[in-house]
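Content type compact mmCIF, C-alpha atoms and all ligand atoms, from the file my_file-v6.txt:
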# COMPACT_ATOMS: atom_id res chain seq x y z
CA MET E 1 23.79 -16.03 -1.63
CA SER E 2 21.59 -18.87 -2.87
CA LEU E 3 18.07 -19.25 -1.57
CA PRO E 4 16.54 -22.57 -0.56
CA PRO E 5 14.11 -23.87 -3.20
CA LEU E 6 10.48 -23.04 -2.53
CA PRO E 7 7.78 -25.68 -2.82
CA SER E 8 6.42 -25.92 -6.34
CA VAL E 9 2.79 -25.39 -7.27
CA PRO E 10 1.22 -27.88 -9.63
CA THR E 11 0.38 -26.09 -12.87
CA ALA E 12 -2.62 -28.18 -13.78
CA GLY E 13 -5.84 -26.69 -12.55
CA LEU E 14 -4.37 -23.35 -11.46
CA ARG E 15 -7.20 -20.90 -12.06
CA VAL E 16 -6.25 -17.69 -13.85
CA LEU E 17 -8.39 -14.62 -14.46
CA LEU E 18 -7.00 -12.74 -17.47
CA VAL E 19 -8.14 -9.11 -17.74
CA GLU E 20 -6.80 -7.79 -21.05
CA ASP E 21 -8.48 -5.67 -23.72
CA GLU E 22 -6.00 -6.28 -26.55
CA HIS E 23 -7.54 -9.18 -28.42
CA ASP E 24 -4.32 -10.65 -29.87
CA ILE E 25 -2.49 -10.64 -26.55
CA ALA E 26 -5.49 -12.10 -24.71
CA ALA E 27 -5.90 -14.86 -27.31
CA ASN E 28 -2.20 -15.75 -27.24
CA VAL E 29 -2.00 -15.84 -23.45
CA TRP E 30 -5.25 -17.76 -23.11
CA ASP E 31 -4.23 -20.34 -25.70
CA PHE E 32 -0.77 -20.78 -24.17
CA LEU E 33 -2.03 -21.16 -20.60
CA GLU E 34 -4.82 -23.57 -21.50
CA ARG E 35 -2.35 -25.79 -23.37
CA ARG E 36 -0.23 -25.77 -20.23
CA GLY E 37 -3.12 -27.00 -18.11
CA TYR E 38 -4.33 -23.75 -16.55
CA VAL E 39 -8.03 -22.97 -16.26
CA VAL E 40 -8.47 -19.52 -17.80
CA ASP E 41 -11.29 -17.02 -17.57
CA HIS E 42 -11.11 -13.79 -19.55
CA CYS E 43 -12.55 -10.28 -19.30
CA ALA E 44 -11.84 -7.57 -21.88
CA ASP E 45 -12.61 -4.55 -19.68
CA GLY E 46 -11.84 -3.35 -16.17
CA ALA E 47 -15.35 -3.19 -14.74
CA GLY E 48 -16.16 -6.72 -15.89
CA GLY E 49 -12.77 -7.90 -14.61
CA LEU E 50 -13.38 -6.39 -11.18
CA ALA E 51 -16.80 -8.01 -10.91
CA ARG E 52 -15.39 -11.38 -11.89
CA ALA E 53 -12.39 -11.07 -9.54
CA MET E 54 -14.72 -10.09 -6.66
CA GLN E 55 -16.58 -13.38 -7.12
CA GLY E 56 -13.33 -15.11 -6.15
CA GLY E 57 -12.20 -18.61 -7.04
CA PHE E 58 -8.99 -17.59 -8.84
CA ASP E 59 -5.40 -18.42 -7.92
CA VAL E 60 -3.97 -15.50 -9.89
CA VAL E 61 -5.27 -12.42 -11.70
CA VAL E 62 -3.26 -11.38 -14.76
CA LEU E 63 -4.19 -7.74 -15.13
CA ASP E 64 -3.50 -5.29 -17.94
CA LEU E 65 -2.80 -1.74 -16.72
CA GLY E 66 -4.57 0.15 -19.53
CA LEU E 67 -8.17 -1.07 -19.74
CA PRO E 68 -11.51 0.41 -20.86
CA ARG E 69 -14.11 1.35 -18.19
CA LEU E 70 -11.75 0.89 -15.22
CA ASP E 71 -7.95 0.84 -15.42
CA GLY E 72 -5.80 -1.86 -13.92
CA LEU E 73 -4.53 0.22 -10.99
CA ASP E 74 -8.06 1.19 -9.94
CA LEU E 75 -9.25 -2.37 -10.34
CA CYS E 76 -6.40 -3.61 -8.14
CA ARG E 77 -7.00 -0.95 -5.48
CA ARG E 78 -10.73 -1.68 -5.32
CA LEU E 79 -10.08 -5.40 -5.11
CA ARG E 80 -7.73 -4.89 -2.15
CA GLU E 81 -10.08 -2.40 -0.46
CA ALA E 82 -12.77 -5.08 -0.64
CA GLY E 83 -10.42 -7.41 1.24
CA HIS E 84 -9.46 -9.72 -1.63
CA GLY E 85 -5.89 -10.99 -1.29
CA VAL E 86 -5.72 -12.88 -4.61
CA PRO E 87 -2.26 -12.48 -6.21
CA VAL E 88 -2.16 -9.94 -9.06
CA LEU E 89 0.38 -9.96 -11.89
CA MET E 90 0.22 -6.60 -13.69
CA LEU E 91 0.90 -6.26 -17.42
CA THR E 92 1.89 -2.94 -18.88
CA ALA E 93 3.45 -1.30 -21.90
CA ARG E 94 4.61 1.62 -19.79
CA ASP E 95 8.09 0.78 -18.66
CA THR E 96 8.52 3.48 -16.06
CA LEU E 97 9.57 3.26 -12.46
CA ASP E 98 6.67 5.48 -11.50
CA ASP E 99 4.04 3.08 -12.84
CA LYS E 100 5.85 0.17 -11.28
CA LEU E 101 5.81 1.73 -7.83
CA ARG E 102 2.19 2.79 -8.22
CA GLY E 103 1.28 -0.76 -9.20
CA PHE E 104 2.78 -2.11 -6.01
CA ALA E 105 1.18 0.63 -3.92
CA GLU E 106 -2.21 -0.43 -5.30
CA GLY E 107 -1.54 -4.02 -4.29
CA ALA E 108 -0.07 -5.72 -7.36
CA ASP E 109 2.31 -8.57 -6.55
CA ASP E 110 4.47 -8.51 -9.63
CA TYR E 111 4.85 -6.68 -12.89
CA LEU E 112 5.62 -7.61 -16.49
CA VAL E 113 6.41 -5.16 -19.26
CA LYS E 114 5.00 -5.72 -22.76
CA PRO E 115 6.12 -7.25 -25.01
CA PHE E 116 6.89 -10.31 -22.90
CA ALA E 117 7.75 -13.94 -23.66
CA LEU E 118 5.00 -16.38 -22.71
CA ALA E 119 7.52 -18.48 -20.78
CA GLU E 120 8.39 -15.40 -18.73
CA LEU E 121 4.71 -14.76 -18.04
CA GLU E 122 4.29 -18.32 -16.84
CA ALA E 123 7.33 -18.13 -14.56
CA ARG E 124 6.06 -14.93 -12.93
CA LEU E 125 2.55 -16.29 -12.70
CA ARG E 126 3.71 -19.40 -10.89
CA ALA E 127 5.84 -17.31 -8.54
CA VAL E 128 2.98 -15.02 -7.50
CA ALA E 129 0.59 -17.98 -7.20
CA ARG E 130 3.07 -19.68 -4.89
CA ARG E 131 3.43 -16.55 -2.77
CA GLY E 132 -0.30 -15.99 -2.70
CA ARG E 133 -1.34 -19.52 -1.93
CA SER E 134 -3.32 -19.22 1.25
CA SER E 135 -2.57 -21.55 4.10
CA GLY E 136 -5.30 -20.05 6.26
CA PRO E 137 -4.58 -17.94 9.35
CA LEU E 138 -1.08 -18.21 10.85
CA ALA E 139 -0.32 -17.58 14.49
CA CYS E 140 2.50 -17.12 16.97
CA GLY E 141 1.33 -16.54 20.53
CA PRO E 142 -1.15 -13.64 20.57
CA LEU E 143 -0.29 -12.54 17.00
CA VAL E 144 -2.44 -13.94 14.16
CA TYR E 145 -2.31 -13.15 10.45
CA ASP E 146 -5.05 -14.07 7.99
CA PRO E 147 -3.74 -13.74 4.40
CA ASP E 148 -7.24 -14.04 2.96
CA VAL E 149 -8.30 -10.70 4.43
CA LEU E 150 -4.87 -9.02 4.66
CA ALA E 151 -5.26 -8.38 8.37
CA ALA E 152 -3.44 -9.25 11.57
CA GLN E 153 -4.94 -9.66 15.01
CA ARG E 154 -3.20 -9.20 18.31
CA ASP E 155 -4.94 -9.56 21.65
CA GLY E 156 -8.20 -9.54 19.72
CA ARG E 157 -7.46 -6.20 18.03
CA GLN E 158 -7.92 -6.19 14.23
CA ILE E 159 -4.94 -4.65 12.35
CA PRO E 160 -5.32 -4.09 8.56
CA LEU E 161 -2.03 -4.51 6.67
CA THR E 162 -0.79 -3.59 3.21
CA ARG E 163 0.05 -6.37 0.79
CA LEU E 164 3.79 -5.94 1.45
CA GLN E 165 3.39 -5.93 5.24
CA GLY E 166 1.16 -8.98 4.99
CA ALA E 167 3.68 -10.88 2.84
CA LEU E 168 6.46 -10.13 5.34
CA LEU E 169 4.42 -11.09 8.39
CA GLU E 170 3.21 -14.25 6.67
CA ILE E 171 6.69 -15.66 6.10
CA LEU E 172 7.88 -14.55 9.55
CA LEU E 173 4.97 -16.43 11.15
CA GLN E 174 5.47 -19.48 8.91
CA GLU E 175 9.08 -19.70 10.07
CA ALA E 176 8.64 -18.52 13.68
CA PRO E 177 10.65 -18.59 15.86
CA ARG E 178 13.39 -19.19 13.27
CA ILE E 179 15.26 -16.27 11.73
CA VAL E 180 14.20 -15.42 8.15
CA PRO E 181 17.16 -14.04 6.16
CA HIS E 182 16.83 -10.57 4.62
CA ALA E 183 17.13 -11.98 1.07
CA ARG E 184 14.22 -14.39 1.58
CA LEU E 185 12.02 -11.67 3.00
CA ILE E 186 12.75 -9.47 -0.01
CA GLU E 187 12.12 -12.35 -2.45
CA ARG E 188 8.81 -13.18 -0.78
CA ALA E 189 7.47 -9.65 -0.51
CA TRP E 190 8.74 -8.02 -3.70
CA GLY E 191 9.23 -10.99 -6.03
CA ALA E 192 10.97 -10.39 -9.32
CA ALA E 193 10.73 -6.62 -8.82
CA GLY E 194 13.32 -6.88 -6.06
CA ALA E 195 14.06 -4.34 -3.35
CA ASP E 196 17.00 -3.17 -1.27
CA MET E 197 17.67 -3.32 2.46
CA ALA E 198 16.38 0.22 2.99
CA ALA E 199 13.00 -0.73 1.52
CA LEU E 200 12.85 -3.85 3.68
CA GLN E 201 13.76 -1.89 6.81
CA THR E 202 11.08 0.68 6.04
CA GLN E 203 8.40 -2.00 5.66
CA VAL E 204 9.46 -3.82 8.83
CA TYR E 205 9.49 -0.51 10.72
CA GLU E 206 5.90 0.11 9.60
CA LEU E 207 4.89 -3.44 10.42
CA ARG E 208 6.32 -3.10 13.92
CA ALA E 209 4.49 0.18 14.40
CA LEU E 210 1.25 -1.71 13.78
CA VAL E 211 1.72 -5.08 15.48
CA ASP E 212 4.31 -4.30 18.18
CA ARG E 213 4.32 -0.68 19.31
CA PRO E 214 0.76 -0.58 20.74
CA PHE E 215 1.52 -3.62 22.90
CA ALA E 216 3.62 -4.24 26.00
CA GLN E 217 6.09 -6.70 24.45
CA PRO E 218 7.58 -6.49 20.95
CA MET E 219 7.48 -9.74 18.96
CA ILE E 220 9.40 -8.88 15.77
CA GLN E 221 13.12 -9.09 16.44
CA SER E 222 15.94 -7.87 14.23
CA VAL E 223 19.04 -10.07 14.07
CA ARG E 224 21.69 -7.67 12.85
CA GLY E 225 23.24 -8.61 9.53
CA VAL E 226 21.09 -11.74 9.21
CA GLY E 227 17.34 -11.19 9.16
CA TYR E 228 14.20 -10.94 11.27
CA ARG E 229 12.15 -13.31 13.34
CA VAL E 230 8.93 -13.40 15.31
CA VAL E 231 9.06 -14.62 18.89
CA ALA E 232 6.09 -15.08 21.24
CA PRO E 233 6.14 -12.94 24.40
CA GLU E 234 7.36 -14.68 27.57
CA CA E 301 -4.69 -2.43 -22.67

Would you write out, as structure tokens, the structure that this file holds?
Amino acid sequence: MSLPPLPSVPTAGLRVLLVEDEHDIAANVWDFLERRGYVVDHCADGAGGLARAMQGGFDVVVLDLGLPRLDGLDLCRRLREAGHGVPVLMLTARDTLDDKLRGFAEGADDYLVKPFALAELEARLRAVARRGRSSGPLACGPLVYDPDVLAAQRDGRQIPLTRLQGALLEILLQEAPRIVPHARLIERAWGAAGADMAALQTQVYELRALVDRPFAQPMIQSVRGVGYRVVAPE
């Protein structure tokens, strides 16, 4: 099944924070991205990278997993705990499923295994920037989602979400009340990492437990065999 094309993001001026301690890789990536029109800032250790990322102002953080002072997973977790929703593309030499899943649990948006082609890095970087581009709070009836703080609100109640739950709710609200096909939800939330229907169902189940179950009328509807949609209560 082919997906409709997503709007492109202009490359020029996209602000990238590169947190990478290996000098040759950092220099190559920096040089490549600057030639392509990106604005690049670089930190060679995790603690410095976290401080810089916390200051904000970046469209994407390209984050090495193994870093001195604070590793990439801890950096990512602390960034999310502080409420920063900036997209994170994780770099790692450890090609194991375990690390990949941990990376996503800590709030990374995508994952690239070293060694990688620079063109591949750029493609992933543009994809996560596009997904992470904030449009400000989105709303459907009493349900509001603010991607900048990874939290929903319903009837004035604040509901913190995980990165995956937030990505799913964001596209559902953008399209509401239209049905969003399963494949588009998976593409939006998991990116190049991909996921299967069971993973999607699990995330939607958890999302419903947070934004629907405590309230009188459910808003997230499943359309069997097609997708999900959000509909305002009557
Ligand atoms: Ca490293």

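Considering the residues E:Pro160, E:Gly191, E:Gly103, E:Pro87 and counting all atoms listed in the file, Ala53 (chain E) has its shortest atom-to-atom contact with E:Pro87.
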
Item to check | Nearest to Val113 (chain E), chosen from E:Ala82, E:Ala216, E:Leu65, E:Ala27, with only C-alpha atoms counted in the distances | outcome: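 Residue with the minimum atom-to-atom distance to Val113 (chain E): E:Leu65.
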
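The space between CA of Leu89 (chain E) and CA of Ala108 (chain E) spans 6.2 Å.
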
Next on the checklist: Around ligand CA 301 (chain E), which protein and nucleic acid residues have at least one atom no more than 8 Å from it, if we count all atoms listed in the file? List them as a list of chain:residue names.
Outcome noted: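 Residues lying within 8 Å of ligand CA 301 (chain E): E:Glu20, E:Asp21, E:Glu22, E:Asp64, E:Leu65, E:Gly66, E:Leu67, E:Pro68, E:Thr92.
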
Checklist entry - Which residue out of E:Val144, E:Leu164, E:Cys43, E:Val88 has the minimum interatomic distance to Arg124 (chain E) when only C-alpha atoms are used? => result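 Going through E:Val144, E:Leu164, E:Cys43, E:Val88 one by one, the smallest distance to Arg124 (chain E) is for E:Val88.
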
Item to check | Spatial neighbours of Val39 (chain E), 8 Å, all atoms listed in the file, chain gap at least 6 places, as a PyMOL selection string | outcome: chain E and resi 12-16+33

Item to check | Atom-to-atom span, CA of Ala183 (chain E) and CA of Lys100 (chain E), Å | outcome: 20.7 Å

Checklist outcome for this item: Among E:Arg102, E:His23, E:His182, E:Arg208, Gly166 (chain E) is approached most closely, using only C-alpha atoms, by E:Arg208

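For the atom pair formed by CA of Ala151 (chain E) and CA of Gln201 (chain E), the distance is 20.2 Å, given to one decimal.
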
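When the distance limit is 12 Å and only C-alpha atoms are what count, the residues near Ala117 (chain E), minus those fewer than 3 positions from it on the same chain, are E:Ile25, E:Asn28, E:Val29, E:Phe32, E:Leu112, E:Val113, E:Lys114, E:Glu120, E:Leu121, E:Glu122, E:Ala123, E:Arg124.
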
Next on the checklist: Please list as a list in words every residue within 12 Å of Asp148 (chain E), counting all atoms listed in the file and excluding residues in the same chain fewer than 6 positions away.
Outcome noted: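 Near Asp148 (chain E), the qualifying residues are Gly56, Asp59, Arg80, Ala82, Gly83, His84, Gly85, Val86, Pro87, Gly132, Arg133, Ser134, Ser135, Gly136, Pro137, Leu138, Pro160, Leu161, Arg163, Gly166, Ala167 and Glu170 of chain E.
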
Item to check | Selection near Ala209 (chain E), 12 Å with all atoms listed in the file, sequence-local residues under 4 positions removed, as a list in words | outcome: Ile159, Leu161, Gln165, Thr202, Gln203, Val204, Tyr205, Arg213, Pro214, Phe215, Pro218, Met219 and Ile220 of chain E

Protein, DNA and RNA residues within 7 Å of (-3.6, -4.0, -4.9), only C-alpha atoms, as a JSON list (two decimals) with C-alpha atoms, in the frame of the given file:
[["chain", "number", "residue", "atom", "x", "y", "z"],
["E", 76, "CYS", "CA", -6.40, -3.61, -8.14],
["E", 77, "ARG", "CA", -7.00, -0.95, -5.48],
["E", 79, "LEU", "CA", -10.08, -5.40, -5.11],
["E", 80, "ARG", "CA", -7.73, -4.89, -2.15],
["E", 104, "PHE", "CA", 2.78, -2.11, -6.01],
["E", 105, "ALA", "CA", 1.18, 0.63, -3.92],
["E", 106, "GLU", "CA", -2.21, -0.43, -5.30],
["E", 107, "GLY", "CA", -1.54, -4.02, -4.29],
["E", 108, "ALA", "CA", -0.07, -5.72, -7.36]]

Item to check | From E:Val128, E:Leu91, E:Val230, E:Ala195, residue lying nearest Leu207 (chain E) [all atoms listed in the file] | outcome: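 The answer is E:Val230, which sits nearest to Leu207 (chain E).
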
Next on the checklist: Nearest residue to Asp71 (chain E) out of E:Val231, E:Ala198, E:Ala127, E:Leu50, using all atoms listed in the file?
Outcome noted: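 Closest candidate: E:Leu50.
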
Please reconstruct the missing atoms of region 57-68 of chain E (target: all heavy atoms) and return them as a CSV table (one decimal), keeping the file's coordinate frame.
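Produced file selection-v7.csv, reproduced below:
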chain,number,residue,atom,x,y,z
E,57,GLY,N,-12.4,-17.3,-6.4
E,57,GLY,CA,-12.2,-18.6,-7.0
E,57,GLY,C,-11.0,-18.7,-8.0
E,57,GLY,O,-10.8,-19.6,-8.7
E,58,PHE,N,-10.2,-17.6,-8.0
E,58,PHE,CA,-9.0,-17.6,-8.8
E,58,PHE,C,-7.7,-17.7,-8.0
E,58,PHE,O,-7.7,-17.2,-6.9
E,58,PHE,CB,-8.9,-16.3,-9.7
E,58,PHE,CG,-10.1,-16.2,-10.6
E,58,PHE,CD1,-11.2,-15.4,-10.3
E,58,PHE,CD2,-10.1,-16.9,-11.8
E,58,PHE,CE1,-12.3,-15.3,-11.2
E,58,PHE,CE2,-11.2,-16.9,-12.7
E,58,PHE,CZ,-12.3,-16.0,-12.4
E,59,ASP,N,-6.7,-18.3,-8.6
E,59,ASP,CA,-5.4,-18.4,-7.9
E,59,ASP,C,-4.5,-17.2,-8.3
E,59,ASP,O,-3.7,-16.8,-7.5
E,59,ASP,CB,-4.7,-19.7,-8.3
E,59,ASP,CG,-5.4,-20.9,-7.9
E,59,ASP,OD1,-5.6,-21.1,-6.7
E,59,ASP,OD2,-5.9,-21.7,-8.7
E,60,VAL,N,-4.7,-16.7,-9.4
E,60,VAL,CA,-4.0,-15.5,-9.9
E,60,VAL,C,-4.8,-14.6,-10.8
E,60,VAL,O,-5.6,-15.2,-11.6
E,60,VAL,CB,-2.7,-15.9,-10.7
E,60,VAL,CG1,-1.9,-14.7,-11.0
E,60,VAL,CG2,-1.9,-17.0,-10.1
E,61,VAL,N,-4.7,-13.3,-10.7
E,61,VAL,CA,-5.3,-12.4,-11.7
E,61,VAL,C,-4.1,-11.8,-12.5
E,61,VAL,O,-3.2,-11.2,-12.0
E,61,VAL,CB,-6.1,-11.3,-11.0
E,61,VAL,CG1,-6.7,-10.3,-12.1
E,61,VAL,CG2,-7.2,-11.9,-10.2
E,62,VAL,N,-4.2,-12.0,-13.9
E,62,VAL,CA,-3.3,-11.4,-14.8
E,62,VAL,C,-4.0,-10.1,-15.3
E,62,VAL,O,-5.0,-10.3,-16.0
E,62,VAL,CB,-2.8,-12.3,-15.9
E,62,VAL,CG1,-1.9,-11.6,-16.9
E,62,VAL,CG2,-2.2,-13.6,-15.3
E,63,LEU,N,-3.4,-9.0,-15.0
E,63,LEU,CA,-4.2,-7.7,-15.1
E,63,LEU,C,-3.4,-6.7,-16.0
E,63,LEU,O,-2.3,-6.3,-15.7
E,63,LEU,CB,-4.4,-7.2,-13.7
E,63,LEU,CG,-5.2,-5.8,-13.6
E,63,LEU,CD1,-6.6,-6.0,-14.1
E,63,LEU,CD2,-5.2,-5.4,-12.1
E,64,ASP,N,-4.1,-6.3,-17.1
E,64,ASP,CA,-3.5,-5.3,-17.9
E,64,ASP,C,-3.7,-3.9,-17.2
E,64,ASP,O,-4.7,-3.7,-16.5
E,64,ASP,CB,-4.2,-5.3,-19.3
E,64,ASP,CG,-3.6,-4.3,-20.3
E,64,ASP,OD1,-2.4,-4.1,-20.2
E,64,ASP,OD2,-4.3,-3.7,-21.1
E,65,LEU,N,-2.7,-3.0,-17.4
E,65,LEU,CA,-2.8,-1.7,-16.7
E,65,LEU,C,-3.8,-0.8,-17.4
E,65,LEU,O,-4.7,-0.2,-16.8
E,65,LEU,CB,-1.4,-1.1,-16.7
E,65,LEU,CG,-1.3,0.2,-15.9
E,65,LEU,CD1,-1.7,0.1,-14.5
E,65,LEU,CD2,0.2,0.7,-16.0
E,66,GLY,N,-3.7,-0.7,-18.8
E,66,GLY,CA,-4.6,0.2,-19.5
E,66,GLY,C,-5.8,-0.6,-20.0
E,66,GLY,O,-5.7,-1.5,-20.9
E,67,LEU,N,-6.9,-0.3,-19.4
E,67,LEU,CA,-8.2,-1.1,-19.7
E,67,LEU,C,-9.3,-0.1,-19.9
E,67,LEU,O,-9.4,0.9,-19.2
E,67,LEU,CB,-8.5,-2.0,-18.6
E,67,LEU,CG,-7.7,-3.2,-18.3
E,67,LEU,CD1,-8.0,-3.8,-17.0
E,67,LEU,CD2,-7.9,-4.3,-19.4
E,68,PRO,N,-10.3,-0.4,-20.8
E,68,PRO,CA,-11.5,0.4,-20.9
E,68,PRO,C,-12.4,0.3,-19.6
E,68,PRO,O,-12.3,-0.8,-18.9
E,68,PRO,CB,-12.2,-0.1,-22.1
E,68,PRO,CG,-11.7,-1.5,-22.3
E,68,PRO,CD,-10.3,-1.5,-21.7
